[in-house]
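Chemist: Take this structure, written in structure tokens, and hold onto it; I'll ask about it next.
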Amino acid sequence: MRAGLSHALGPTDNLVKTVGSFWPYAAPLFDDIPRARSYQAPGSLSVEDCYALFAYILSLNGIVRPDGRLDQTSLPEVKMPNRDGLIPVPEFSNVRAPK
């Protein structure tokens with residue numbers, strides 16, 4: 001898998017996976033929070049707690065302001081730093097990779 005992963009910042013051997021560099025879209029990352037958190041009691045966080053936790057994670061990565069708020073309207077508008085940096089791998093997509 002690692003050999004097939006392409007990244008705009010260079011070879012995957014030098015890639016540091018962070019929220020900002022690894023996730024091209026915010027929604028899939030957010031989706032993990034209500035289902036899997038907290039570790040001891042998955043699904044126990046309220047919807048508001050999930051948005052607040054995700055806003056905090058994004059703020060630590062400089063993606064939203066520290067006082068930023070997220071909700072169902074603002075989440076899809078979050079532009080992740082590497083949204084346009086991932087290149088599809090041909091064997092997993094119908095999209096042709098650049099030559």
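Scheme for the structure tokens: letters A, B, ... for chains in order shown; per-chain residue numbers from 1; ligand numbers from 1 in order shown.
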Excluding range 59-64 of chain A and its own-chain neighbours fewer than 6 positions away, which residues fall within 7 Å of it when counting only C-alpha atoms? Please give them as a PyMOL selection string.

Modeler: chain A and resi 19-20+80

Chemist: Where does DSSP see alpha helix (DSSP H) in range 10-49 of chain A, if you list the residues as a PyMOL selection string?

Modeler: chain A and resi 19-22+26-36+47-49

Chemist: Print the selection's residues with N, CA and C atoms to a file, as an mmCIF file, in the first residue's frame.

Modeler:
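Output saved as out_12.cif:
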```
data_model
loop_
_atom_site.group_PDB
_atom_site.id
_atom_site.type_symbol
_atom_site.label_atom_id
_atom_site.label_comp_id
_atom_site.auth_asym_id
_atom_site.auth_seq_id
_atom_site.Cartn_x
_atom_site.Cartn_y
_atom_site.Cartn_z
ATOM 1 N N VAL A 19 -3.237 15.450 10.547
ATOM 2 C CA VAL A 19 -4.606 15.718 10.109
ATOM 3 C C VAL A 19 -4.580 16.536 8.820
ATOM 4 N N GLY A 20 -3.691 17.505 8.738
ATOM 5 C CA GLY A 20 -3.638 18.372 7.576
ATOM 6 C C GLY A 20 -2.995 17.757 6.348
ATOM 7 N N SER A 21 -2.061 16.839 6.522
ATOM 8 C CA SER A 21 -1.355 16.292 5.364
ATOM 9 C C SER A 21 -1.960 14.987 4.859
ATOM 10 N N PHE A 22 -2.661 14.274 5.701
ATOM 11 C CA PHE A 22 -3.131 12.936 5.316
ATOM 12 C C PHE A 22 -4.571 12.945 4.813
ATOM 13 N N ALA A 26 -12.545 16.738 5.291
ATOM 14 C CA ALA A 26 -12.812 16.738 6.721
ATOM 15 C C ALA A 26 -13.873 15.720 7.139
ATOM 16 N N ALA A 27 -14.871 15.489 6.299
ATOM 17 C CA ALA A 27 -16.003 14.650 6.694
ATOM 18 C C ALA A 27 -15.618 13.223 7.114
ATOM 19 N N PRO A 28 -14.765 12.506 6.370
ATOM 20 C CA PRO A 28 -14.423 11.148 6.810
ATOM 21 C C PRO A 28 -13.713 11.118 8.165
ATOM 22 N N LEU A 29 -12.884 12.104 8.415
ATOM 23 C CA LEU A 29 -12.209 12.173 9.711
ATOM 24 C C LEU A 29 -13.217 12.465 10.816
ATOM 25 N N PHE A 30 -14.127 13.387 10.556
ATOM 26 C CA PHE A 30 -15.162 13.704 11.543
ATOM 27 C C PHE A 30 -16.017 12.481 11.828
ATOM 28 N N ASP A 31 -16.326 11.700 10.818
ATOM 29 C CA ASP A 31 -17.193 10.529 10.957
ATOM 30 C C ASP A 31 -16.681 9.545 12.001
ATOM 31 N N ASP A 32 -15.388 9.483 12.185
ATOM 32 C CA ASP A 32 -14.808 8.563 13.163
ATOM 33 C C ASP A 32 -15.114 8.976 14.607
ATOM 34 N N ILE A 33 -15.264 10.254 14.844
ATOM 35 C CA ILE A 33 -15.406 10.742 16.222
ATOM 36 C C ILE A 33 -16.682 10.237 16.901
ATOM 37 N N PRO A 34 -17.876 10.420 16.334
ATOM 38 C CA PRO A 34 -19.064 9.949 17.057
ATOM 39 C C PRO A 34 -19.147 8.433 17.205
ATOM 40 N N ARG A 35 -18.571 7.705 16.247
ATOM 41 C CA ARG A 35 -18.662 6.244 16.315
ATOM 42 C C ARG A 35 -17.650 5.628 17.259
ATOM 43 N N ALA A 36 -16.469 6.217 17.354
ATOM 44 C CA ALA A 36 -15.384 5.553 18.071
ATOM 45 C C ALA A 36 -14.918 6.272 19.338
ATOM 46 N N VAL A 47 -23.601 15.182 19.893
ATOM 47 C CA VAL A 47 -23.279 15.758 18.591
ATOM 48 C C VAL A 47 -22.473 17.039 18.773
ATOM 49 N N GLU A 48 -22.876 17.869 19.722
ATOM 50 C CA GLU A 48 -22.159 19.122 19.988
ATOM 51 C C GLU A 48 -20.731 18.850 20.447
ATOM 52 N N ASP A 49 -20.546 17.830 21.306
ATOM 53 C CA ASP A 49 -19.209 17.462 21.762
ATOM 54 C C ASP A 49 -18.332 16.994 20.596
#
```

Chemist: With distances taken over only C-alpha atoms, which residue among A:Tyr51, A:Tyr56, A:Trp23, A:Tyr39 lies nearest Ser74 in chain A?

Modeler: A:Tyr51

Chemist: CA of Ala52 in chain A and CA of Pro76 in chain A, how far apart in Å?

Modeler: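 Answer for the CA of Pro76 in chain A to CA of Ala52 in chain A separation: 15.1 Å.
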